[in-house]
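**Student:** So here's data-v8.pdb (PDB, C-alpha atoms, pLDDT in the B column).
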```pdb
ATOM      1  CA  MET S   4       5.302  -9.999 -12.671  1.00 38.00           C
ATOM      2  CA  GLY S   5       7.030 -12.588 -10.539  1.00 44.00           C
ATOM      3  CA  GLU S   6       5.308 -15.744  -9.484  1.00 47.00           C
ATOM      4  CA  LYS S   7       4.260 -16.153  -5.866  1.00 52.00           C
ATOM      5  CA  LYS S   8       6.063 -18.895  -3.992  1.00 61.00           C
ATOM      6  CA  GLU S   9       4.365 -20.871  -1.234  1.00 70.00           C
ATOM      7  CA  ASN S  10       7.469 -20.677   0.940  1.00 76.00           C
ATOM      8  CA  GLU S  11       7.462 -16.878   1.118  1.00 81.00           C
ATOM      9  CA  ILE S  12       5.613 -14.569   3.463  1.00 83.00           C
ATOM     10  CA  SER S  13       4.949 -11.026   2.267  1.00 84.00           C
ATOM     11  CA  ILE S  14       3.989  -8.222   4.636  1.00 84.00           C
ATOM     12  CA  PHE S  15       2.864  -4.912   3.162  1.00 84.00           C
ATOM     13  CA  THR S  16       2.208  -1.809   5.253  1.00 81.00           C
ATOM     14  CA  GLY S  17      -0.093  -0.247   2.702  1.00 79.00           C
ATOM     15  CA  LYS S  18      -0.260   3.344   1.554  1.00 84.00           C
ATOM     16  CA  ARG S  19       0.257   6.433   3.675  1.00 87.00           C
ATOM     17  CA  ALA S  20      -2.715   8.605   4.601  1.00 90.00           C
ATOM     18  CA  TRP S  21      -3.307  11.709   2.470  1.00 93.00           C
ATOM     19  CA  TYR S  22      -2.409  14.085   5.296  1.00 94.00           C
ATOM     20  CA  GLU S  23       0.922  12.314   5.868  1.00 94.00           C
ATOM     21  CA  LEU S  24       1.778  12.691   2.188  1.00 94.00           C
ATOM     22  CA  LEU S  25       0.722  16.345   2.321  1.00 96.00           C
ATOM     23  CA  LEU S  26       3.035  16.959   5.292  1.00 96.00           C
ATOM     24  CA  ALA S  27       5.858  15.109   3.527  1.00 95.00           C
ATOM     25  CA  SER S  28       5.437  17.250   0.421  1.00 95.00           C
ATOM     26  CA  ILE S  29       5.518  20.424   2.530  1.00 96.00           C
ATOM     27  CA  PHE S  30       8.751  19.312   4.218  1.00 97.00           C
ATOM     28  CA  PHE S  31      10.348  18.277   0.903  1.00 95.00           C
ATOM     29  CA  GLY S  32       9.220  21.559  -0.680  1.00 96.00           C
ATOM     30  CA  ALA S  33      10.803  23.569   2.152  1.00 95.00           C
ATOM     31  CA  PHE S  34      14.013  21.540   1.723  1.00 94.00           C
ATOM     32  CA  ILE S  35      14.167  22.300  -2.006  1.00 94.00           C
ATOM     33  CA  TYR S  36      13.389  25.977  -1.342  1.00 91.00           C
ATOM     34  CA  MET S  37      16.363  26.183   1.053  1.00 88.00           C
ATOM     35  CA  ILE S  38      18.649  24.624  -1.547  1.00 89.00           C
ATOM     36  CA  VAL S  39      17.511  27.158  -4.147  1.00 88.00           C
ATOM     37  CA  LEU S  40      18.100  30.058  -1.735  1.00 83.00           C
ATOM     38  CA  PHE S  41      21.600  28.846  -0.924  1.00 82.00           C
ATOM     39  CA  VAL S  42      22.510  28.383  -4.595  1.00 84.00           C
ATOM     40  CA  TYR S  43      21.093  31.811  -5.443  1.00 83.00           C
ATOM     41  CA  PHE S  44      23.067  33.655  -2.779  1.00 80.00           C
ATOM     42  CA  ALA S  45      26.240  31.593  -3.221  1.00 79.00           C
ATOM     43  CA  PHE S  46      26.548  31.604  -7.022  1.00 82.00           C
ATOM     44  CA  ILE S  47      24.148  34.057  -8.665  1.00 83.00           C
ATOM     45  CA  GLU S  48      24.052  37.092  -6.400  1.00 80.00           C
ATOM     46  CA  VAL S  49      27.361  36.521  -4.704  1.00 76.00           C
ATOM     47  CA  SER S  50      27.127  37.658  -1.118  1.00 77.00           C
ATOM     48  CA  ILE S  51      29.406  35.693   1.167  1.00 81.00           C
ATOM     49  CA  LYS S  52      27.744  36.853   4.371  1.00 83.00           C
ATOM     50  CA  ILE S  53      24.215  35.960   3.222  1.00 81.00           C
ATOM     51  CA  ALA S  54      25.451  32.726   1.580  1.00 78.00           C
ATOM     52  CA  ILE S  55      27.009  31.547   4.861  1.00 83.00           C
ATOM     53  CA  ARG S  56      23.825  32.415   6.734  1.00 83.00           C
ATOM     54  CA  ALA S  57      21.753  30.548   4.093  1.00 80.00           C
ATOM     55  CA  PHE S  58      24.091  27.544   4.328  1.00 85.00           C
ATOM     56  CA  VAL S  59      23.795  27.360   8.136  1.00 87.00           C
ATOM     57  CA  THR S  60      20.003  27.663   7.872  1.00 84.00           C
ATOM     58  CA  PHE S  61      20.039  24.981   5.193  1.00 87.00           C
ATOM     59  CA  LEU S  62      22.064  22.636   7.423  1.00 90.00           C
ATOM     60  CA  LEU S  63      19.862  23.129  10.470  1.00 90.00           C
ATOM     61  CA  CYS S  64      16.385  23.487   9.005  1.00 92.00           C
ATOM     62  CA  GLY S  65      17.070  21.503   5.836  1.00 91.00           C
ATOM     63  CA  THR S  66      18.105  18.437   7.791  1.00 93.00           C
ATOM     64  CA  TYR S  67      14.969  18.709   9.897  1.00 95.00           C
ATOM     65  CA  CYS S  68      12.776  19.051   6.786  1.00 95.00           C
ATOM     66  CA  LEU S  69      14.454  16.144   5.001  1.00 94.00           C
ATOM     67  CA  VAL S  70      14.159  13.780   7.981  1.00 95.00           C
ATOM     68  CA  TYR S  71      10.481  14.576   8.562  1.00 96.00           C
ATOM     69  CA  GLY S  72       9.782  14.356   4.826  1.00 95.00           C
ATOM     70  CA  PHE S  73      11.168  10.812   4.893  1.00 93.00           C
ATOM     71  CA  LYS S  74       9.285  10.020   8.108  1.00 92.00           C
ATOM     72  CA  PHE S  75       5.909  11.001   6.658  1.00 94.00           C
ATOM     73  CA  SER S  76       6.389   9.404   3.231  1.00 93.00           C
ATOM     74  CA  ALA S  77       8.357   6.186   3.811  1.00 93.00           C
ATOM     75  CA  THR S  78       6.742   2.753   3.929  1.00 92.00           C
ATOM     76  CA  LYS S  79       8.304  -0.563   4.894  1.00 89.00           C
ATOM     77  CA  ASN S  80       7.426  -3.857   3.211  1.00 90.00           C
ATOM     78  CA  MET S  81       8.879  -7.212   4.225  1.00 89.00           C
ATOM     79  CA  LEU S  82       9.443 -10.540   2.526  1.00 88.00           C
ATOM     80  CA  ILE S  83      10.420 -13.639   4.495  1.00 87.00           C
ATOM     81  CA  ASP S  84      11.844 -16.480   2.424  1.00 86.00           C
ATOM     82  CA  LEU S  85      11.373 -19.722   4.367  1.00 83.00           C
ATOM     83  CA  GLU S  86      13.729 -21.754   2.163  1.00 84.00           C
ATOM     84  CA  THR S  87      16.761 -19.575   2.798  1.00 84.00           C
ATOM     85  CA  ASN S  88      15.620 -18.002   6.132  1.00 82.00           C
ATOM     86  CA  THR S  89      16.128 -14.550   4.677  1.00 86.00           C
ATOM     87  CA  VAL S  90      14.226 -11.442   5.747  1.00 87.00           C
ATOM     88  CA  ILE S  91      14.177  -8.660   3.172  1.00 89.00           C
ATOM     89  CA  SER S  92      12.964  -5.242   4.306  1.00 89.00           C
ATOM     90  CA  ARG S  93      12.150  -2.808   1.526  1.00 91.00           C
ATOM     91  CA  TYR S  94      11.939   0.868   2.477  1.00 91.00           C
ATOM     92  CA  ILE S  95      10.007   2.830  -0.146  1.00 91.00           C
ATOM     93  CA  ILE S  96       9.828   6.600  -0.639  1.00 89.00           C
ATOM     94  CA  GLY S  97       7.904   7.470  -3.782  1.00 83.00           C
ATOM     95  CA  PRO S  98       9.562   5.768  -6.761  1.00 88.00           C
ATOM     96  CA  PHE S  99      12.753   4.983  -4.811  1.00 90.00           C
ATOM     97  CA  SER S 100      13.368   1.885  -2.707  1.00 92.00           C
ATOM     98  CA  TYR S 101      16.159   0.454  -0.599  1.00 92.00           C
ATOM     99  CA  ASP S 102      16.471  -3.216   0.428  1.00 92.00           C
ATOM    100  CA  VAL S 103      17.978  -4.483   3.664  1.00 90.00           C
ATOM    101  CA  LYS S 104      18.627  -8.236   3.782  1.00 90.00           C
ATOM    102  CA  LEU S 105      19.028 -10.321   6.912  1.00 84.00           C
ATOM    103  CA  LYS S 106      20.224 -13.907   6.671  1.00 85.00           C
ATOM    104  CA  ALA S 107      19.282 -16.012   9.690  1.00 78.00           C
ATOM    105  CA  THR S 108      20.209 -19.638  10.213  1.00 76.00           C
ATOM    106  CA  GLU S 109      16.951 -20.573  11.964  1.00 83.00           C
ATOM    107  CA  PHE S 110      13.973 -18.623  13.267  1.00 86.00           C
ATOM    108  CA  GLU S 111      13.252 -19.340  16.951  1.00 90.00           C
ATOM    109  CA  TYR S 112      10.246 -17.296  18.086  1.00 91.00           C
ATOM    110  CA  ILE S 113       8.252 -14.080  17.746  1.00 92.00           C
ATOM    111  CA  SER S 114       7.870 -11.674  20.664  1.00 92.00           C
ATOM    112  CA  PHE S 115       5.676  -8.635  21.148  1.00 92.00           C
ATOM    113  CA  PHE S 116       6.441  -6.035  23.811  1.00 91.00           C
ATOM    114  CA  GLU S 117       5.692  -2.531  25.029  1.00 90.00           C
ATOM    115  CA  ASP S 118       8.472   0.007  24.593  1.00 88.00           C
ATOM    116  CA  ARG S 119       9.238   3.027  26.749  1.00 86.00           C
ATOM    117  CA  TYR S 120       7.099   5.271  24.530  1.00 85.00           C
ATOM    118  CA  GLY S 121       3.921   3.239  25.079  1.00 87.00           C
ATOM    119  CA  GLU S 122       3.993   1.628  21.628  1.00 90.00           C
ATOM    120  CA  PHE S 123       3.959  -2.117  21.040  1.00 92.00           C
ATOM    121  CA  GLY S 124       6.681  -3.694  18.927  1.00 90.00           C
ATOM    122  CA  THR S 125       7.240  -7.063  17.318  1.00 92.00           C
ATOM    123  CA  ASN S 126      10.603  -8.836  17.102  1.00 90.00           C
ATOM    124  CA  LEU S 127      11.605 -11.939  15.163  1.00 89.00           C
ATOM    125  CA  TRP S 128      14.196 -13.850  17.170  1.00 90.00           C
ATOM    126  CA  TYR S 129      16.688 -16.179  15.564  1.00 86.00           C
ATOM    127  CA  VAL S 130      19.715 -18.302  16.537  1.00 81.00           C
ATOM    128  CA  LYS S 131      22.250 -16.984  19.072  1.00 76.00           C
ATOM    129  CA  ASN S 132      19.758 -14.691  20.845  1.00 80.00           C
ATOM    130  CA  ARG S 133      19.649 -12.168  18.006  1.00 85.00           C
ATOM    131  CA  HIS S 134      16.512 -10.399  16.853  1.00 87.00           C
ATOM    132  CA  TYR S 135      15.104  -8.354  14.020  1.00 85.00           C
ATOM    133  CA  LYS S 136      12.735  -5.500  14.854  1.00 86.00           C
ATOM    134  CA  MET S 137       9.786  -5.801  12.541  1.00 87.00           C
ATOM    135  CA  TYR S 138       6.994  -3.298  13.204  1.00 86.00           C
ATOM    136  CA  SER S 139       5.525  -0.988  15.841  1.00 87.00           C
ATOM    137  CA  PHE S 140       1.832  -0.713  16.674  1.00 88.00           C
ATOM    138  CA  GLU S 141      -0.211   1.740  18.697  1.00 88.00           C
ATOM    139  CA  ASP S 142      -2.230  -0.866  20.573  1.00 90.00           C
ATOM    140  CA  LYS S 143      -1.528  -4.252  22.121  1.00 90.00           C
ATOM    141  CA  GLU S 144      -4.236  -6.103  20.204  1.00 91.00           C
ATOM    142  CA  SER S 145      -2.780  -5.168  16.793  1.00 90.00           C
ATOM    143  CA  ALA S 146       0.730  -6.218  17.858  1.00 90.00           C
ATOM    144  CA  PHE S 147      -0.623  -9.468  19.293  1.00 91.00           C
ATOM    145  CA  GLN S 148      -2.649 -10.305  16.156  1.00 91.00           C
ATOM    146  CA  PHE S 149       0.290  -9.547  13.835  1.00 91.00           C
ATOM    147  CA  SER S 150       2.651 -11.625  16.003  1.00 91.00           C
ATOM    148  CA  LEU S 151       0.172 -14.499  16.219  1.00 91.00           C
ATOM    149  CA  ASP S 152      -0.402 -14.582  12.454  1.00 90.00           C
ATOM    150  CA  LEU S 153       3.325 -14.476  11.739  1.00 89.00           C
ATOM    151  CA  SER S 154       4.192 -17.143  14.320  1.00 90.00           C
ATOM    152  CA  ASN S 155       1.521 -19.408  12.822  1.00 88.00           C
ATOM    153  CA  LYS S 156       2.854 -18.874   9.284  1.00 88.00           C
ATOM    154  CA  LEU S 157       6.439 -19.496  10.394  1.00 87.00           C
ATOM    155  CA  ASN S 158       5.362 -22.333  12.737  1.00 88.00           C
ATOM    156  CA  ILE S 159       7.361 -20.958  15.680  1.00 89.00           C
ATOM    157  CA  ASP S 160       6.537 -19.981  19.289  1.00 91.00           C
ATOM    158  CA  LEU S 161       5.039 -16.693  20.454  1.00 92.00           C
ATOM    159  CA  LEU S 162       6.241 -14.758  23.523  1.00 91.00           C
ATOM    160  CA  ASP S 163       4.180 -12.083  25.289  1.00 91.00           C
ATOM    161  CA  ALA S 164       6.780  -9.684  26.723  1.00 89.00           C
ATOM    162  CA  THR S 165       4.454  -6.746  27.378  1.00 88.00           C
ATOM    163  CA  GLU S 166       5.005  -6.850  31.162  1.00 85.00           C
ATOM    164  CA  LYS S 167       8.563  -6.230  32.384  1.00 84.00           C
ATOM    165  CA  GLY S 168       9.957  -9.314  34.106  1.00 82.00           C
ATOM    166  CA  ASN S 169       6.774 -11.344  33.486  1.00 85.00           C
ATOM    167  CA  PHE S 170       7.254 -12.939  30.069  1.00 88.00           C
ATOM    168  CA  LYS S 171       4.670 -15.539  29.036  1.00 89.00           C
ATOM    169  CA  TRP S 172       4.684 -18.052  26.221  1.00 90.00           C
ATOM    170  CA  VAL S 173       1.354 -17.906  24.401  1.00 88.00           C
ATOM    171  CA  LYS S 174      -0.429 -21.208  23.854  1.00 84.00           C
ATOM    172  CA  LYS S 175      -1.606 -20.851  20.276  1.00 73.00           C
ATOM    173  CA  GLU S 176      -3.932 -23.886  20.391  1.00 70.00           C
ATOM    174  CA  ASN S 177      -6.408 -22.004  22.579  1.00 62.00           C
ATOM    175  CA  ILE S 178      -6.603 -18.962  20.276  1.00 66.00           C
ATOM    176  CA  GLN S 179      -8.553 -18.814  17.053  1.00 57.00           C
TER     177      GLN S 179
END
```
Could you take the file, read its structure, and then write that structure out as structure tokens?

**Tutor:**
Amino acid sequence: MGEKKENEISIFTGKRAWYELLLASIFFGAFIYMIVLFVYFAFIEVSIKIAIRAFVTFLLCGTYCLVYGFKFSATKNMLIDLETNTVISRYIIGPFSYDVKLKATEFEYISFFEDRYGEFGTNLWYVKNRHYKMYSFEDKESAFQFSLDLSNKLNIDLLDATEKGNFKWVKKENIQ
């Protein structure tokens, strides 16, 4: 195991609920079933007409099943290295993971906002008015608490952008 550095911030989303994993397994199972059907009709019982129909079904329904399988099984963990100002996002699906690295010169502030779907998001803003979308939350209080904790750990400002055109800087001294 690696040693924990004091200049790193780790954010873990936790495990998926059992029903989300059940849905993901159903979608992945349907995807594999469509592949098997296509292979069967294309190579074993050669029927061009049925194989084309199976391929089109596989493209349409298989893509849908694969995307929703990923949606219900993927988790996102983040690591922020304060020495190098690097944000590493790790997307995990079962035993597989994919890292996305963002190198920023200097972190400026954290903002939380309401999007057009009624969810609350958190962005990490850095030099040259660029931002990194971090997480989405269902309620304002969760987004605010996450943003406040992160802005305190990074020692940067916090912006409340939940109301369009009425952005407010949050005074962190008054909040415990």

**Student:** Using all atoms listed in the file, pick whichever of S:Ile91, S:Phe34, S:Tyr43, S:Glu9 has the shortest atom-to-atom distance to Gly65 in chain S.

**Tutor:** S:Phe34

**Student:** To verify the selection step, state as a ChimeraX atom specification which residues the PyMOL selection byres ((chain S and resi 158) around 12) yields on this input.

**Tutor:** /S:85,109-113,150-157,159-161,175

**Student:** Neighbouring residues of Val70 in chain S were defined as those with any atom within 12 Å, considering all atoms listed in the file; residues of the same chain fewer than 3 positions away were excluded. Please report them as a VMD selection string.

**Tutor:** chain S and resid 26 to 27 30 to 31 33 to 34 62 to 67 73 to 77

**Student:** Of the candidates S:Ile96, S:Ile83, S:Met37, S:Val42, which shows the shortest atom-to-atom distance to Phe61 in chain S, using only C-alpha atoms?

**Tutor:**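 Counting only C-alpha atoms, the residue closest to Phe61 in chain S is S:Met37.
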
**Student:** When you look at Thr108 in chain S with a cut-off of 8 Å (counting all atoms listed in the file), what residues show up, excluding the ones that are within fewer than 6 positions of it in the same chain? I need them as a count of residues only.

**Tutor:** 3

**Student:** Tell me which protein, DNA and RNA residues are within 8 Å of Lys106 in chain S, counting only C-alpha atoms, leaving out same-chain ones fewer than 4 positions away, and put them as an mmCIF file with C-alpha atoms, in the coordinates of the input.

**Tutor:**
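The result, written out as result-v5.cif:
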```cif
data_model
loop_
_atom_site.group_PDB
_atom_site.id
_atom_site.type_symbol
_atom_site.label_atom_id
_atom_site.label_comp_id
_atom_site.auth_asym_id
_atom_site.auth_seq_id
_atom_site.Cartn_x
_atom_site.Cartn_y
_atom_site.Cartn_z
ATOM 1 C CA THR S 87 16.761 -19.575 2.798
ATOM 2 C CA ASN S 88 15.620 -18.002 6.132
ATOM 3 C CA THR S 89 16.128 -14.550 4.677
ATOM 4 C CA VAL S 90 14.226 -11.442 5.747
#
```

**Student:** Name all residues at most 7 Å from Thr78 in chain S (count all atoms listed in the file; drop same-chain ones fewer than 3 positions away) and give them as a PyMOL selection string.

**Tutor:** chain S and resi 16+94-96

**Student:** Please give the centre and size of the box around range 158-170 of chain S (axis-aligned, containing every atom listed in the file, 6 Å added per side), with values in Å to one decimal and written as JSON.

**Tutor:**
```
{"center_x": 7.1, "center_y": -14.3, "center_z": 23.4, "size_x": 17.8, "size_y": 28.1, "size_z": 33.4}
```

**Student:** Could you write out as number ranges by chain the residues that the PyMOL selection byres ((chain S and resi 40) around 12) matches in the shown file?

**Tutor:** S: 33-39, 41-50, 53-61, 65

**Student:** Could you spell out the hits of the PyMOL selection byres ((chain S and resi 167) around 12) on the shown file, as a count of residues only?

**Tutor:** 13

**Student:** Compile the contact shell of Ile29 in chain S as a list in words: residues with an atom at most 10 Å away, counting all atoms listed in the file, same-chain residues fewer than 6 positions apart removed.

**Tutor:**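 The residues that qualify are Glu23, Ile35, Cys68, Tyr71 and Gly72 of chain S.
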
**Student:** Using only C-alpha atoms, which of the listed residues (S:Val173, S:Met137, S:Ile51, S:Leu162) sits closest to Leu82 in chain S?

**Tutor:** S:Met137

**Student:** May I ask for the distance between CA of Phe149 in chain S and CA of Tyr22 in chain S, given in Å to one decimal place?

**Tutor:**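 Result for CA of Phe149 in chain S versus CA of Tyr22 in chain S: 25.3 Å, one decimal.
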
**Student:** In Å, with one decimal, what is the gap from CA of Ser100 in chain S to CA of Ala20 in chain S?

**Tutor:**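 Those two atoms sit 18.9 Å apart.
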
**Student:** Provide the CA of Ile12 in chain S to CA of Asp84 in chain S distance in Å, to one decimal place.

**Tutor:**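 Taking CA of Ile12 in chain S and CA of Asp84 in chain S, their separation equals 6.6 Å.
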
**Student:** Nearest residue to Ser145 in chain S out of S:Gly32, S:Gly97, S:Gly124, S:Gly17, using only C-alpha atoms?

**Tutor:**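 For Ser145 in chain S, the nearest of the given residues is S:Gly124.
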
**Student:** Which residue, S:Ser114, S:Glu141, S:Ser28, S:Tyr101, has the smallest gap to Leu69 in chain S when you use only C-alpha atoms?

**Tutor:** S:Ser28

**Student:** Rank S:Trp172, S:Phe99, S:Met81, S:Thr125 by their smallest atom-to-atom distance to Ala146 in chain S, using all atoms listed in the file, and report the top residue only.

**Tutor:** S:Thr125
